[in-house]
Each structure stands twice: as C-alpha cells, then as structure tokens.
Amino acid sequence: MCKVIGIINQKGGVAKTSTCRNLATVLKDEGYKVLVVDCDNQASLTDCFGIEDPDELEISLYDLMMTVILEKDDLPSKEKCIITKENVDVIPANTLLSDIDINLVSAMSREYVLKTIIEEIKEDYDYVLLDSMPSLGLMTLNVLACSDTVLIPVTPEYLSAKGLELLLKTIFKIKKRINKNIGFEGILLTMFDERTNLSREIENMIRESYGMHIKVFDTRIPRSVKVGEANARSKSIVEYMPNNKAAIGYKNFTSELLSTGSDSYERGN
C-alpha cells in the first residue's frame with residue numbers, strides 16, 4: 001500500500017524542500033519505492049534533483065493538472081511525465097505552475113485535480129511525497145485533499161511557530177469537508193540550533209501547545225550551511241556529506257517516521 005505524505009507549511013524558508021529531498025533519499029536507501037512531486041512554482045525540488053531547464057520540459061505537473069482540468073485527453077504515460085533521478089522518481093514543476101490557481105478556480109471538483117493524477121500512478125510506489133508551495137491557496141488545498149498524512153516542518157522562530165495555528169485550522173477544515181481520512185505525520189523542527197535559548201524556548205512552546213494532539217518528532221534537524229551547499233549541487237545532504245549533523249538528523253528522523261507512523265505501509269505491498 002502506498003502512503004501519500006504532504007509536506008506543508010504556508011511559511012517559506014522552513015526547509016520543506018530540503019526535508020522532502022532528504023526524506024526521499026533515505027527512504028530510497030532503505031529500499032522503498034519513492035515518488036516526489038514538486039507542487040511549488042519555484043521548482044526548487046526539481047532543481048534539487050538536478051533537472052535542468054524545467055521551463056523547457058515537455059510535460060510538468062502543470063501540464064498534467066491542465067489535462068485533468070480541461071478533460072481533453074488521457075494522462076500521458078509514466079515514461080513521459082516522470083523523471084528518475086538517483087532511483088527516485090520525480091514529477092517536476094516549472095514557472096507555468098504559477099497560473100494553476102487561476103485555472104483551478106473554475107474547474108469541476110477543483111480540490112481533487114492533483115488527487116486524480118496521484119491515484120493513477122501511486123500503486124507503483126511505497127511513498128509519494130508532495131512538496132507544497134508556501135501558501136494556503138488552491139494548489140495547497142489540492143495537496144491536502146490527496147494526502148494520507150501531513151508532515152509540517154517548522155523552524156524554531158516565533159513567526160514560524162505562530163503560523164502553525166492557522167495551518168492547523170486549515171487542515172482540520174479540510175479533514176471535516178474534503179478529506180476526512182487525512183492524518184498528521186507530525187511536526188518536524190528544522191534548522192535547529194540547540195545553543196540558542198530561542199530554539200529551546202520555541203521547541204518547548206510547540207511541544208506544550210500541540211504535542212498533546214499532534215506528534216512532535218523527537219528528532220530535530222540541526223542548522224547547517226552544508227544543506228544549502230548540497231542543494232546547490234543537486235544532491236541530498238545524506239549523499240553529499242553523510243557524516244554532517246543535518247545528514248544524521250535526516251536519517252534519524254526517517255527512522256523515527258518509519259517506526260512510529262508507517263506500520264501499515266510495509267515495503268512492497
């Protein structure tokens with residue numbers, strides 16, 4: 001059985017893409033079949049996998065979604081719309097995705113356009129990871145509508161933590177009205193600096209405010225400039241510098257995710 005995880009936060013700069021990139025790599029290394037979907041018009045995840053000139057791609061996520069919206073053709077074959085990088089399959093994005101919210105406004109069943117695509121291809125995978133854009137618009141609504149669980153990266157900063165309340169209210173509305181089966185993978189603290197009082201204070205605040213209802217992962221991803229270097233070289237930090245503290249953090253986080261949240265999603269089922 002495949003598990004679809006939406007990696008979501010309406011605030012930018014919280015390491016959504018780095019988390020998606022590294023989680024996918026560690027899951028792949030563990031023997032799972034993984035598909036990642038770049039749902040952000042900035043195409044950062046596409047770039048992190050070394051897919052060059054995304055605006056020149058014949059088929060991107062935008063094209064797939066427009067095919068569903070316009071109902072004019074069948075979806076193209078997997079071979080035409082999926083790019084394999086380092087044994088991870090990728091549905092790329094490009095700047096055309098900037099227009100998707102406008103096209104979704106008048107679409108039939110507009111919340112389920114992405115779900116239509118994912119349902120057709122997910123049977124070949126153990127995990128599908130959706131890297132959402134930093135907003136709560138219709139594209140993010142589509143991500144939430146087709147996700148089994150939500151993973152929320154949060155930096156130990158006041159504004160990042162404060163934005164959790166709005167995000168969680170949105171997710172609970174989605175659960176009530178659109179996707180009753182959606183659950184929480186948990187909250188992951190990223191870019192964590194244990195030397196600062198602020199990081200510890202924000203962590204305590206998040207655990208006290210939300211930990212009774214939503215899992216807050218014990219693993220925290222340490223701040224490291226090497227993560228940015230790895231992204232610039234189109235590599236995951238676990239490949240680029242496996243002994244780096246952030247690489248170790250992502251490996252430990254993946255182990256924690258597998259041990260606590262994925263019991264019913266066994267490899268190869």
# chains A, B, ... in the order shown; residues from 1 in each chain; ligands from 1
>>> select_by_dssp(residues="stretch 13-141 of chain A", states="strand (DSSP E)", output="PDB file with N, CA and C atoms, in the first residue's frame")
ATOM      1  N   VAL A  34       9.942   5.339  -4.199  1.00  0.00           N
ATOM      2  CA  VAL A  34       9.536   6.690  -3.815  1.00  0.00           C
ATOM      3  C   VAL A  34       9.283   7.555  -5.054  1.00  0.00           C
ATOM      4  N   LEU A  35       8.177   8.278  -5.016  1.00  0.00           N
ATOM      5  CA  LEU A  35       7.879   9.322  -5.995  1.00  0.00           C
ATOM      6  C   LEU A  35       7.783  10.650  -5.258  1.00  0.00           C
ATOM      7  N   VAL A  36       8.456  11.671  -5.773  1.00  0.00           N
ATOM      8  CA  VAL A  36       8.292  13.016  -5.230  1.00  0.00           C
ATOM      9  C   VAL A  36       7.611  13.880  -6.286  1.00  0.00           C
ATOM     10  N   VAL A  37       6.756  14.783  -5.823  1.00  0.00           N
ATOM     11  CA  VAL A  37       6.015  15.660  -6.723  1.00  0.00           C
ATOM     12  C   VAL A  37       6.277  17.100  -6.296  1.00  0.00           C
ATOM     13  N   ASP A  38       6.818  17.889  -7.212  1.00  0.00           N
ATOM     14  CA  ASP A  38       7.118  19.289  -6.939  1.00  0.00           C
ATOM     15  C   ASP A  38       5.852  20.104  -7.191  1.00  0.00           C
ATOM     16  N   CYS A  39       5.214  20.536  -6.105  1.00  0.00           N
ATOM     17  CA  CYS A  39       3.952  21.275  -6.194  1.00  0.00           C
ATOM     18  C   CYS A  39       4.144  22.774  -5.992  1.00  0.00           C
ATOM     19  N   ILE A  83      10.478  11.709 -14.284  1.00  0.00           N
ATOM     20  CA  ILE A  83      11.931  11.680 -14.484  1.00  0.00           C
ATOM     21  C   ILE A  83      12.556  10.962 -13.297  1.00  0.00           C
ATOM     22  N   THR A  84      13.411  10.000 -13.555  1.00  0.00           N
ATOM     23  CA  THR A  84      14.065   9.250 -12.486  1.00  0.00           C
ATOM     24  C   THR A  84      15.460   9.824 -12.225  1.00  0.00           C
ATOM     25  N   LYS A  85      15.688  10.191 -10.980  1.00  0.00           N
ATOM     26  CA  LYS A  85      16.982  10.718 -10.561  1.00  0.00           C
ATOM     27  C   LYS A  85      17.431   9.967  -9.311  1.00  0.00           C
ATOM     28  N   VAL A  88      15.051   7.766  -7.515  1.00  0.00           N
ATOM     29  CA  VAL A  88      13.842   8.408  -7.009  1.00  0.00           C
ATOM     30  C   VAL A  88      13.102   8.982  -8.214  1.00  0.00           C
ATOM     31  N   ASP A  89      11.810   8.703  -8.324  1.00  0.00           N
ATOM     32  CA  ASP A  89      11.012   9.245  -9.415  1.00  0.00           C
ATOM     33  C   ASP A  89      10.514  10.642  -9.065  1.00  0.00           C
ATOM     34  N   VAL A  90      10.512  11.523 -10.062  1.00  0.00           N
ATOM     35  CA  VAL A  90      10.181  12.938  -9.841  1.00  0.00           C
ATOM     36  C   VAL A  90       9.155  13.387 -10.877  1.00  0.00           C
ATOM     37  N   ILE A  91       8.078  14.023 -10.410  1.00  0.00           N
ATOM     38  CA  ILE A  91       7.217  14.810 -11.290  1.00  0.00           C
ATOM     39  C   ILE A  91       7.632  16.263 -11.087  1.00  0.00           C
ATOM     40  N   TYR A 127       5.889   5.196  -1.189  1.00  0.00           N
ATOM     41  CA  TYR A 127       5.697   6.550  -0.668  1.00  0.00           C
ATOM     42  C   TYR A 127       5.622   7.543  -1.813  1.00  0.00           C
ATOM     43  N   VAL A 128       4.660   8.459  -1.716  1.00  0.00           N
ATOM     44  CA  VAL A 128       4.601   9.633  -2.582  1.00  0.00           C
ATOM     45  C   VAL A 128       4.729  10.851  -1.687  1.00  0.00           C
ATOM     46  N   LEU A 129       5.720  11.681  -1.958  1.00  0.00           N
ATOM     47  CA  LEU A 129       5.982  12.875  -1.159  1.00  0.00           C
ATOM     48  C   LEU A 129       5.629  14.108  -1.984  1.00  0.00           C
ATOM     49  N   LEU A 130       4.771  14.957  -1.444  1.00  0.00           N
ATOM     50  CA  LEU A 130       4.312  16.159  -2.134  1.00  0.00           C
ATOM     51  C   LEU A 130       4.937  17.385  -1.481  1.00  0.00           C
ATOM     52  N   ASP A 131       5.782  18.079  -2.222  1.00  0.00           N
ATOM     53  CA  ASP A 131       6.433  19.289  -1.714  1.00  0.00           C
ATOM     54  C   ASP A 131       5.565  20.488  -2.086  1.00  0.00           C
ATOM     55  N   SER A 132       4.853  21.044  -1.117  1.00  0.00           N
ATOM     56  CA  SER A 132       3.875  22.092  -1.401  1.00  0.00           C
ATOM     57  C   SER A 132       4.516  23.468  -1.455  1.00  0.00           C
TER      58      SER A 132
END
>>> residues_around(residues="A:Met133", least_positions_apart="6", cutoff="12 Å", atoms="only C-alpha atoms", output="PyMOL selection string")
chain A and resi 6-17+37-45+93+97-98+100-101+139-144
>>> closest_atom_pairs(of="stretch 112-219 of chain A", to="stretch 57-73 of chain A", cutoff="10 Å", atoms="only C-alpha atoms", output="Markdown table")
| residue | atom | partner | partner_atom | distance |
| --- | --- | --- | --- | --- |
| A:Tyr112 | CA | A:Val68 | CA | 9.6 |
| A:Val113 | CA | A:Met65 | CA | 6.3 |
| A:Leu114 | CA | A:Met65 | CA | 6.5 |
| A:Lys115 | CA | A:Met65 | CA | 9.7 |
| A:Thr116 | CA | A:Val68 | CA | 7.5 |
| A:Ile117 | CA | A:Leu64 | CA | 7.3 |
>>> select_by_dssp(residues="stretch 7-39 of chain A", states="alpha helix (DSSP H)", output="list in words")
Lys16, Thr17, Ser18, Thr19, Cys20, Arg21, Asn22, Leu23, Ala24, Thr25, Val26, Leu27, Lys28 and Asp29 of chain A
>>> residues_around(residues="stretch 248-263 of chain A", least_positions_apart="5", cutoff="7 Å", atoms="only C-alpha atoms", output="ChimeraX atom specification")
/A:22-23,26,185,219-222,242-243
>>> write_last_selection(atoms="N, CA and C atoms", output="PDB file, in the first residue's frame")
ATOM      1  N   ASN A  22      15.625  15.003   1.240  1.00  0.00           N
ATOM      2  CA  ASN A  22      16.401  14.073   2.060  1.00  0.00           C
ATOM      3  C   ASN A  22      15.575  12.905   2.556  1.00  0.00           C
ATOM      4  N   LEU A  23      14.303  13.140   2.861  1.00  0.00           N
ATOM      5  CA  LEU A  23      13.422  12.034   3.244  1.00  0.00           C
ATOM      6  C   LEU A  23      13.302  11.048   2.093  1.00  0.00           C
ATOM      7  N   VAL A  26      16.602   8.976   1.836  1.00  0.00           N
ATOM      8  CA  VAL A  26      16.778   7.970   2.889  1.00  0.00           C
ATOM      9  C   VAL A  26      15.778   6.834   2.707  1.00  0.00           C
ATOM     10  N   GLU A 185       1.395  13.243  10.144  1.00  0.00           N
ATOM     11  CA  GLU A 185       2.656  12.536  10.346  1.00  0.00           C
ATOM     12  C   GLU A 185       3.357  13.142  11.555  1.00  0.00           C
ATOM     13  N   THR A 219      13.347  13.815  16.966  1.00  0.00           N
ATOM     14  CA  THR A 219      14.489  14.234  16.155  1.00  0.00           C
ATOM     15  C   THR A 219      14.318  15.677  15.719  1.00  0.00           C
ATOM     16  N   ARG A 220      15.388  16.450  15.843  1.00  0.00           N
ATOM     17  CA  ARG A 220      15.405  17.811  15.338  1.00  0.00           C
ATOM     18  C   ARG A 220      16.510  17.909  14.284  1.00  0.00           C
ATOM     19  N   ILE A 221      16.245  18.616  13.202  1.00  0.00           N
ATOM     20  CA  ILE A 221      17.233  18.756  12.137  1.00  0.00           C
ATOM     21  C   ILE A 221      18.111  19.966  12.444  1.00  0.00           C
ATOM     22  N   PRO A 222      19.405  19.751  12.724  1.00  0.00           N
ATOM     23  CA  PRO A 222      20.279  20.871  13.086  1.00  0.00           C
ATOM     24  C   PRO A 222      20.500  21.826  11.909  1.00  0.00           C
ATOM     25  N   PRO A 242      27.547  12.596   4.301  1.00  0.00           N
ATOM     26  CA  PRO A 242      26.760  11.690   5.157  1.00  0.00           C
ATOM     27  C   PRO A 242      27.038  11.794   6.641  1.00  0.00           C
ATOM     28  N   ASN A 243      28.197  12.311   7.013  1.00  0.00           N
ATOM     29  CA  ASN A 243      28.513  12.443   8.437  1.00  0.00           C
ATOM     30  C   ASN A 243      28.173  13.818   8.993  1.00  0.00           C
TER      31      ASN A 243
END
>>> residues_around(residues="A:Gly50", least_positions_apart="5", cutoff="8 Å", atoms="only C-alpha atoms", output="MDAnalysis selection string")
chainID A and resid 85 233:235
>>> atom_distance(atom1="atom CA of A:Glu120", atom2="atom CA of A:Pro76")
10.7 Å
>>> decode(residues="stretch 238-252 of chain A", atoms="N, CA and C atoms", output="short mmCIF file (atom, residue, chain, number, x, y, z; two decimals), in the first residue's frame")
data_model
loop_
_atom_site.label_atom_id
_atom_site.label_comp_id
_atom_site.auth_asym_id
_atom_site.auth_seq_id
_atom_site.Cartn_x
_atom_site.Cartn_y
_atom_site.Cartn_z
N VAL A 238 22.45 13.83 2.79
CA VAL A 238 22.86 12.49 3.22
C VAL A 238 23.78 11.85 2.21
N GLU A 239 23.76 12.31 0.96
CA GLU A 239 24.70 11.83 -0.05
C GLU A 239 25.94 12.72 -0.11
N TYR A 240 25.71 14.01 -0.02
CA TYR A 240 26.79 14.98 -0.18
C TYR A 240 27.79 14.92 0.97
N MET A 241 27.28 14.80 2.18
CA MET A 241 28.14 14.77 3.36
C MET A 241 27.46 13.91 4.43
N PRO A 242 27.55 12.60 4.30
CA PRO A 242 26.76 11.69 5.16
C PRO A 242 27.04 11.79 6.64
N ASN A 243 28.20 12.31 7.01
CA ASN A 243 28.51 12.44 8.44
C ASN A 243 28.17 13.82 8.99
N ASN A 244 27.63 14.68 8.15
CA ASN A 244 27.21 16.00 8.61
C ASN A 244 26.07 15.87 9.62
N LYS A 245 25.98 16.78 10.55
CA LYS A 245 24.97 16.68 11.61
C LYS A 245 23.55 16.73 11.06
N ALA A 246 23.33 17.49 9.98
CA ALA A 246 21.99 17.53 9.38
C ALA A 246 21.68 16.22 8.67
N ALA A 247 22.69 15.63 8.02
CA ALA A 247 22.50 14.34 7.36
C ALA A 247 22.12 13.27 8.38
N ILE A 248 22.82 13.26 9.50
CA ILE A 248 22.50 12.31 10.57
C ILE A 248 21.09 12.59 11.10
N GLY A 249 20.75 13.88 11.20
CA GLY A 249 19.41 14.24 11.66
C GLY A 249 18.33 13.71 10.75
N TYR A 250 18.52 13.84 9.43
CA TYR A 250 17.50 13.35 8.49
C TYR A 250 17.41 11.83 8.51
N LYS A 251 18.53 11.15 8.70
CA LYS A 251 18.49 9.69 8.81
C LYS A 251 17.72 9.27 10.06
N ASN A 252 18.01 9.94 11.17
CA ASN A 252 17.31 9.61 12.43
C ASN A 252 15.83 9.94 12.34
#
